[in-house]
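> Take a look at structure.cif, mmCIF, C-alpha atoms and all ligand atoms:
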data_entry
#
loop_
_atom_site.label_atom_id
_atom_site.label_comp_id
_atom_site.auth_asym_id
_atom_site.auth_seq_id
_atom_site.Cartn_x
_atom_site.Cartn_y
_atom_site.Cartn_z
CA MET A 28 24.45 75.20 116.90
CA ASP A 29 26.96 74.80 119.70
CA SER A 30 29.25 77.69 120.59
CA ILE A 31 32.65 77.71 122.24
CA ALA A 32 33.62 80.39 124.77
CA LEU A 33 37.01 81.89 123.90
CA ASN A 34 39.56 83.28 126.37
CA ASP A 35 38.67 86.90 125.51
CA GLY A 36 35.04 86.60 126.63
CA THR A 37 33.58 86.11 123.14
CA THR A 38 31.99 83.01 121.62
CA ILE A 39 32.50 81.25 118.27
CA PRO A 40 30.14 78.84 116.48
CA GLN A 41 31.87 75.47 116.80
CA LEU A 42 30.93 74.39 113.27
CA GLY A 43 31.60 76.61 110.26
CA PHE A 44 32.35 76.56 106.55
CA GLY A 45 35.90 76.78 105.12
CA VAL A 46 36.70 78.24 101.72
CA PHE A 47 40.30 77.18 101.02
CA LYS A 48 40.47 76.27 97.31
CA VAL A 49 36.98 77.57 96.64
CA ASP A 50 37.42 79.16 93.22
CA PRO A 51 37.07 82.97 93.51
CA ALA A 52 34.82 82.89 90.43
CA HIS A 53 32.33 80.69 92.30
CA THR A 54 32.81 81.83 95.87
CA GLU A 55 29.80 84.15 96.04
CA ARG A 56 27.45 81.36 94.92
CA ILE A 57 29.04 78.69 97.12
CA VAL A 58 29.11 80.85 100.27
CA SER A 59 25.54 82.01 99.55
CA GLU A 60 24.49 78.36 99.45
CA ALA A 61 26.33 77.67 102.71
CA LEU A 62 24.52 80.58 104.37
CA GLU A 63 21.19 79.27 103.03
CA VAL A 64 21.97 75.85 104.46
CA GLY A 65 22.51 77.47 107.85
CA TYR A 66 26.23 78.05 108.29
CA ARG A 67 27.00 81.31 110.10
CA HIS A 68 30.75 80.94 110.55
CA ILE A 69 32.97 81.38 107.47
CA ASP A 70 36.74 80.79 107.48
CA THR A 71 38.66 82.54 104.69
CA ALA A 72 42.14 84.06 104.27
CA ALA A 73 43.78 86.78 102.19
CA ILE A 74 45.85 84.16 100.36
CA TYR A 75 42.72 82.26 99.23
CA GLY A 76 41.94 85.16 96.88
CA ASN A 77 38.21 84.81 97.54
CA GLU A 78 37.47 87.39 100.26
CA GLU A 79 35.52 89.50 97.73
CA GLY A 80 33.21 86.60 96.93
CA VAL A 81 32.70 85.93 100.64
CA GLY A 82 31.87 89.62 101.10
CA ARG A 83 29.37 89.63 98.23
CA ALA A 84 27.63 86.57 99.65
CA ILE A 85 27.42 88.20 103.10
CA ALA A 86 25.99 91.39 101.63
CA ALA A 87 23.46 89.53 99.47
CA SER A 88 22.33 87.31 102.33
CA GLY A 89 20.70 90.08 104.36
CA ILE A 90 21.74 88.19 107.50
CA PRO A 91 22.39 90.64 110.34
CA ARG A 92 26.12 91.12 110.85
CA GLY A 93 25.85 90.12 114.50
CA GLU A 94 24.63 86.64 113.49
CA LEU A 95 27.71 85.98 111.36
CA TYR A 96 31.20 84.96 112.43
CA ILE A 97 33.89 85.82 109.88
CA THR A 98 37.55 84.82 110.12
CA THR A 99 40.34 85.91 107.80
CA LYS A 100 44.13 85.60 108.00
CA LEU A 101 47.31 87.62 107.59
CA TRP A 102 49.55 86.18 104.88
CA ASN A 103 53.25 85.61 105.59
CA ASP A 104 54.65 88.39 103.44
CA ARG A 105 52.52 90.95 105.30
CA GLN A 106 53.71 90.11 108.83
CA GLY A 107 55.44 93.50 109.02
CA ASP A 108 52.41 95.26 107.59
CA ALA A 109 49.38 93.83 109.37
CA PRO A 110 47.31 97.04 109.73
CA ALA A 111 47.29 97.66 105.97
CA ALA A 112 46.76 93.96 105.24
CA LEU A 113 43.71 93.79 107.51
CA ARG A 114 42.25 96.97 106.00
CA GLU A 115 42.62 95.42 102.52
CA SER A 116 40.86 92.27 103.71
CA LEU A 117 38.06 94.32 105.29
CA ASP A 118 37.60 96.28 102.05
CA LYS A 119 37.34 93.04 100.08
CA LEU A 120 34.92 91.53 102.61
CA GLY A 121 32.88 94.74 102.73
CA LEU A 122 33.07 94.72 106.53
CA ASP A 123 34.26 97.20 109.12
CA ARG A 124 35.52 94.42 111.39
CA VAL A 125 36.12 90.70 111.32
CA ASP A 126 35.33 88.42 114.22
CA LEU A 127 38.70 86.68 114.19
CA TYR A 128 42.02 87.63 112.58
CA LEU A 129 44.80 85.03 112.50
CA ILE A 130 48.50 85.02 111.72
CA HIS A 131 48.31 82.38 108.96
CA TRP A 132 51.70 80.70 109.53
CA PRO A 133 54.56 81.42 111.94
CA ALA A 134 56.99 81.57 108.97
CA PRO A 135 59.87 81.33 111.47
CA ALA A 136 62.57 81.99 108.86
CA ASN A 137 61.19 85.53 108.53
CA ASP A 138 61.34 86.05 112.32
CA ARG A 139 58.42 88.49 112.31
CA TYR A 140 55.56 86.66 113.96
CA VAL A 141 56.03 88.38 117.33
CA GLU A 142 55.98 91.76 115.58
CA ALA A 143 52.85 90.66 113.70
CA TRP A 144 51.23 89.54 116.95
CA ARG A 145 51.84 92.97 118.55
CA SER A 146 50.10 94.54 115.52
CA LEU A 147 47.13 92.18 115.91
CA VAL A 148 46.84 93.20 119.57
CA GLU A 149 46.60 96.85 118.44
CA LEU A 150 44.09 96.01 115.68
CA GLN A 151 41.92 94.26 118.25
CA ALA A 152 42.12 97.28 120.56
CA ALA A 153 41.11 99.47 117.60
CA GLY A 154 38.01 97.32 117.04
CA LEU A 155 38.99 96.11 113.56
CA THR A 156 38.89 92.50 114.75
CA THR A 157 36.98 91.19 117.74
CA SER A 158 39.32 88.30 118.48
CA ILE A 159 42.87 87.45 117.49
CA GLY A 160 44.70 84.19 117.13
CA VAL A 161 47.28 82.20 115.24
CA ALA A 162 47.40 79.32 112.80
CA ASN A 163 49.95 76.58 112.30
CA PHE A 164 51.80 77.52 115.49
CA LEU A 165 53.58 74.57 117.11
CA VAL A 166 54.63 74.51 120.77
CA PRO A 167 57.93 76.41 120.25
CA HIS A 168 56.14 79.20 118.35
CA LEU A 169 53.45 79.45 121.04
CA GLU A 170 56.06 79.42 123.82
CA ARG A 171 57.90 82.32 122.21
CA LEU A 172 54.70 84.30 121.68
CA LEU A 173 53.64 83.79 125.29
CA SER A 174 57.07 84.78 126.58
CA GLU A 175 57.11 88.02 124.56
CA SER A 176 53.47 89.13 124.86
CA ASP A 177 50.90 89.26 127.65
CA VAL A 178 48.06 88.60 125.21
CA VAL A 179 47.22 84.91 124.73
CA PRO A 180 45.85 83.89 121.30
CA ALA A 181 42.16 82.96 121.39
CA VAL A 182 42.74 80.06 118.98
CA ASP A 183 45.44 78.09 117.20
CA GLN A 184 44.18 76.76 113.84
CA ILE A 185 46.22 73.66 113.02
CA GLU A 186 46.04 70.72 110.65
CA LEU A 187 44.04 68.18 112.62
CA HIS A 188 42.21 65.02 111.56
CA PRO A 189 42.22 61.42 112.81
CA ALA A 190 45.56 60.56 111.15
CA HIS A 191 47.29 63.72 112.42
CA GLN A 192 46.11 64.92 115.80
CA GLN A 193 49.08 66.97 117.03
CA PRO A 194 48.58 65.98 120.69
CA GLU A 195 51.55 68.02 121.96
CA THR A 196 50.19 71.23 120.47
CA VAL A 197 46.64 70.46 121.60
CA VAL A 198 47.72 69.78 125.20
CA PHE A 199 49.94 72.89 125.35
CA ALA A 200 47.23 75.10 123.85
CA ARG A 201 44.61 73.82 126.28
CA GLU A 202 46.92 74.38 129.25
CA HIS A 203 47.11 78.02 128.17
CA GLY A 204 43.42 78.58 127.39
CA ILE A 205 43.90 78.54 123.60
CA HIS A 206 41.13 76.78 121.64
CA ILE A 207 42.06 74.49 118.78
CA GLU A 208 40.56 74.91 115.32
CA SER A 209 41.00 71.83 113.10
CA TRP A 210 41.96 72.60 109.52
CA GLY A 211 41.73 69.84 106.94
CA PRO A 212 39.23 68.13 109.25
CA LEU A 213 38.40 65.52 106.59
CA GLY A 214 42.09 65.11 105.75
CA GLN A 215 41.48 67.24 102.65
CA ALA A 216 40.28 64.01 100.98
CA LYS A 217 43.97 63.15 100.49
CA TYR A 218 43.84 59.77 102.22
CA PRO A 219 41.01 57.22 102.47
CA LEU A 220 39.75 58.43 105.87
CA LEU A 221 36.10 58.11 104.92
CA GLU A 222 36.59 54.44 103.96
CA ASN A 223 38.30 53.48 107.20
CA PRO A 224 36.37 50.57 108.79
CA VAL A 225 36.30 52.25 112.23
CA ILE A 226 34.61 55.29 110.68
CA THR A 227 32.27 53.34 108.41
CA ALA A 228 31.19 51.07 111.30
CA ALA A 229 30.25 54.10 113.41
CA ALA A 230 28.48 55.63 110.41
CA GLN A 231 26.44 52.48 109.93
CA ALA A 232 25.61 52.24 113.64
CA HIS A 233 24.17 55.77 113.65
CA GLY A 234 22.67 55.87 110.17
CA LYS A 235 25.00 58.75 109.28
CA SER A 236 27.73 59.21 106.66
CA PRO A 237 31.46 58.74 107.31
CA ALA A 238 32.03 62.50 106.91
CA GLN A 239 29.36 63.19 109.53
CA VAL A 240 31.09 60.77 111.90
CA VAL A 241 34.45 62.52 111.43
CA ILE A 242 32.92 65.96 111.96
CA ARG A 243 31.17 64.65 115.06
CA TRP A 244 34.52 63.33 116.34
CA HIS A 245 35.99 66.86 116.02
CA LEU A 246 33.01 68.41 117.80
CA GLN A 247 33.05 65.88 120.66
CA SER A 248 36.83 66.38 120.96
CA GLY A 249 36.13 70.06 121.62
CA PHE A 250 37.67 71.33 118.40
CA ILE A 251 36.26 74.15 116.26
CA VAL A 252 35.80 72.82 112.73
CA PHE A 253 34.84 74.18 109.27
CA PRO A 254 34.84 71.53 106.53
CA LYS A 255 34.99 72.80 102.96
CA THR A 256 32.88 71.59 100.07
CA ASN A 257 31.83 72.97 96.72
CA HIS A 258 28.68 70.85 96.77
CA ARG A 259 25.40 71.88 98.31
CA GLU A 260 24.37 68.33 99.26
CA ARG A 261 27.63 67.94 101.19
CA MET A 262 27.07 71.33 102.88
CA VAL A 263 23.77 69.95 104.14
CA GLU A 264 25.38 66.64 105.13
CA ASN A 265 28.29 68.27 106.98
CA PHE A 266 25.89 70.56 108.87
CA ASP A 267 23.54 67.76 109.90
CA VAL A 268 25.62 66.50 112.82
CA PHE A 269 23.70 67.59 115.89
CA ASP A 270 21.13 64.78 116.09
CA PHE A 271 23.50 62.00 117.17
CA ALA A 272 26.52 61.42 119.39
CA LEU A 273 29.40 58.98 119.12
CA THR A 274 29.76 56.65 122.06
CA ASP A 275 32.89 56.93 124.20
CA ALA A 276 34.14 53.70 122.59
CA GLU A 277 33.59 55.04 119.04
CA GLN A 278 35.25 58.32 119.94
CA ALA A 279 38.25 56.47 121.43
CA ALA A 280 38.52 54.15 118.42
CA ILE A 281 38.70 57.12 116.03
CA THR A 282 41.26 58.83 118.26
CA ALA A 283 43.32 55.63 118.09
CA LEU A 284 43.49 55.88 114.28
CA GLU A 285 46.46 58.23 114.49
CA ALA A 286 48.59 55.22 115.28
CA GLU A 287 47.75 53.81 111.82
CA GLY A 288 49.61 56.71 110.23
CA GLY A 289 48.63 58.69 107.18
CA GLY A 290 49.99 61.74 108.89
CA ARG A 291 50.28 65.31 107.82
CA VAL A 292 48.64 66.23 104.50
CA GLY A 293 49.78 69.88 104.51
CA SER A 294 53.15 71.57 104.94
CA HIS A 295 55.22 71.49 108.11
CA PRO A 296 54.93 74.94 109.72
CA ASP A 297 58.69 75.35 109.99
CA THR A 298 59.06 75.07 106.21
CA VAL A 299 56.44 77.63 105.08
CA ASN A 300 57.62 81.20 104.52
N1 LIG A 401 45.26 77.78 108.42
C1 LIG A 401 45.63 77.02 107.40
O1 LIG A 401 46.84 76.97 107.05
C2 LIG A 401 44.60 76.22 106.68
C3 LIG A 401 45.02 75.24 105.76
C4 LIG A 401 44.04 74.50 105.10
C5 LIG A 401 42.72 74.72 105.38
N2 LIG A 401 42.32 75.71 106.26
C6 LIG A 401 40.89 75.99 106.54
O2 LIG A 401 40.24 74.77 106.92
C7 LIG A 401 39.14 74.55 106.03
C8 LIG A 401 38.85 73.08 105.87
O3 LIG A 401 40.01 72.38 105.43
P1 LIG A 401 40.26 71.94 103.91
O4 LIG A 401 39.33 72.67 103.02
O5 LIG A 401 41.70 72.07 103.63
O6 LIG A 401 39.95 70.39 103.90
P2 LIG A 401 38.75 69.43 104.37
O7 LIG A 401 37.59 70.24 104.81
O8 LIG A 401 39.35 68.43 105.28
O9 LIG A 401 38.42 68.62 103.05
C9 LIG A 401 37.84 69.18 101.93
C10 LIG A 401 37.72 68.04 100.92
O10 LIG A 401 36.77 67.09 101.40
C11 LIG A 401 35.72 66.92 100.44
N3 LIG A 401 34.46 66.78 101.19
C12 LIG A 401 33.80 67.74 101.89
N4 LIG A 401 32.69 67.24 102.45
C13 LIG A 401 32.62 65.93 102.10
C14 LIG A 401 31.70 64.89 102.37
N5 LIG A 401 30.62 65.10 103.12
N6 LIG A 401 31.97 63.66 101.85
C15 LIG A 401 33.06 63.44 101.11
N7 LIG A 401 33.98 64.39 100.82
C16 LIG A 401 33.76 65.63 101.31
C17 LIG A 401 35.75 68.17 99.59
O11 LIG A 401 35.32 67.89 98.28
P3 LIG A 401 34.27 68.83 97.46
O12 LIG A 401 34.63 70.26 97.67
O13 LIG A 401 34.49 68.39 96.04
O14 LIG A 401 32.93 68.46 97.99
C18 LIG A 401 37.24 68.51 99.57
O15 LIG A 401 37.92 67.72 98.61
C19 LIG A 401 39.60 75.25 104.75
O16 LIG A 401 38.57 75.43 103.80
C20 LIG A 401 40.15 76.52 105.31
O17 LIG A 401 39.12 77.41 105.69
C21 LIG A 401 43.27 76.44 106.91
#
For the file at hand, write its structure as structure tokens.
Ligand SMILES: NC(=O)c1ccc[n+]([C@@H]2O[C@H](COP(=O)([O-])OP(=O)(O)OC[C@H]3O[C@@H](n4cnc5c(N)ncnc54)[C@H](OP(=O)(O)O)[C@@H]3O)[C@@H](O)[C@H]2O)c1

Amino acid sequence: MDSIALNDGTTIPQLGFGVFKVDPAHTERIVSEALEVGYRHIDTAAIYGNEEGVGRAIAASGIPRGELYITTKLWNDRQGDAPAALRESLDKLGLDRVDLYLIHWPAPANDRYVEAWRSLVELQAAGLTTSIGVANFLVPHLERLLSESDVVPAVDQIELHPAHQQPETVVFAREHGIHIESWGPLGQAKYPLLENPVITAAAQAHGKSPAQVVIRWHLQSGFIVFPKTNHRERMVENFDVFDFALTDAEQAAITALEAEGGGRVGSHPDTVN
């Protein structure tokens, strides 16, 4: 498993398992299966309503805490109340710290993300989260954060897949030492990414599946990625991506797919509150 070195001196497993829309009633079983398959990095959020199931799976796994990497996120209506929100998440997860705590959306209409960021800096200093970062921050949100705080986010978790690559945000983040996490890495199955001929040709050439090719494209692009699936066979498939490499030409051809459109499958960050 490859790791990425973050700007605060810590490392994060580059491939993880996301649990957005994993039914809380089934989360313990699904995350337990993901841990059995080999995933050690789990991406959840308070708003997903499934932190308790993630916590039960962690506890049942017997895997030493130091081998796991757990991310959760501060929901928008708690931006003025981050210390209590993180404690609630930790209680649900059954942990005394997370590895990464993110502001889930800038929610600019609320005008509280700088205040929330200052709270995250204090929570990190208090040891309740090892690293801190943001999600869905575009360049103007990052610029404001950097102008009002000396602490640079470790990551920015943004919607990113071949049809929506957000190059401006990626370039700005990289210039400032912020790593990009790709959410919706498979386009949330909302457009026919896995049937695109560029992807299927690369899959055929390597004897891999289209999903494996797309995950490999994220990894070779340097992004941190945590595809979600409810199905064990897909957990295995999505994890089995370290025995091949896309050629430079295949990588470039997938990068060029953004020009074909398809675009954003989630909400624009300026509209979420
Ligand atoms: N910060 C944010 O605002 C934000 C927003 C969205 C997501 N996220 C994070 O990013 C994670 C990943 O994004 P996502 O869950 O939205 O979307 P995604 O991983 O791009 O796509 C998940 C969809 O792809 C399907 N799928 C998974 N593996 C597959 C495979 N090998 N072949 C074919 N289809 C496959 C899944 O179906 P099945 O489940 O039926 O297999 C599901 O419908 C989330 O779980 C969450 O942790 C963050």
> Considering all atoms listed in the file, state which residue in the set A:Leu129, A:Phe253, A:Leu169, A:Ile185 is at the smallest distance from A:Glu202.
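Looking only at the distances to A:Glu202, the closest residue turns out to be A:Leu169.
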> Could I get the residue neighbourhood of ligand LIG 401 (chain A) at 7 Å, counting all atoms listed in the file, as a ChimeraX atom specification?
/A:44-48,70-71,131-132,162-163,184-186,209-216,238-239,253-258,261-262,264-265
> What separation in Å, quoted to one decimal, exists between atom CA of A:Ser59 and atom CA of A:Val252?
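We find that atom CA of A:Ser59 and atom CA of A:Val252 lie 19.1 Å from each other.
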> Return the single residue from A:Ala279, A:Ala229, A:Leu120, A:Leu101 that is closest to A:Tyr140, with distances computed using all atoms listed in the file.
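Once distances to A:Tyr140 are computed over all atoms listed in the file, the minimum belongs to A:Leu101.
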> Which residue gives the smallest distance to A:Glu115 among A:Arg92, A:Arg139, A:Ala73, A:Pro180, with all atoms listed in the file counted?
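Among A:Arg92, A:Arg139, A:Ala73, A:Pro180, it is A:Ala73 that comes nearest to A:Glu115.
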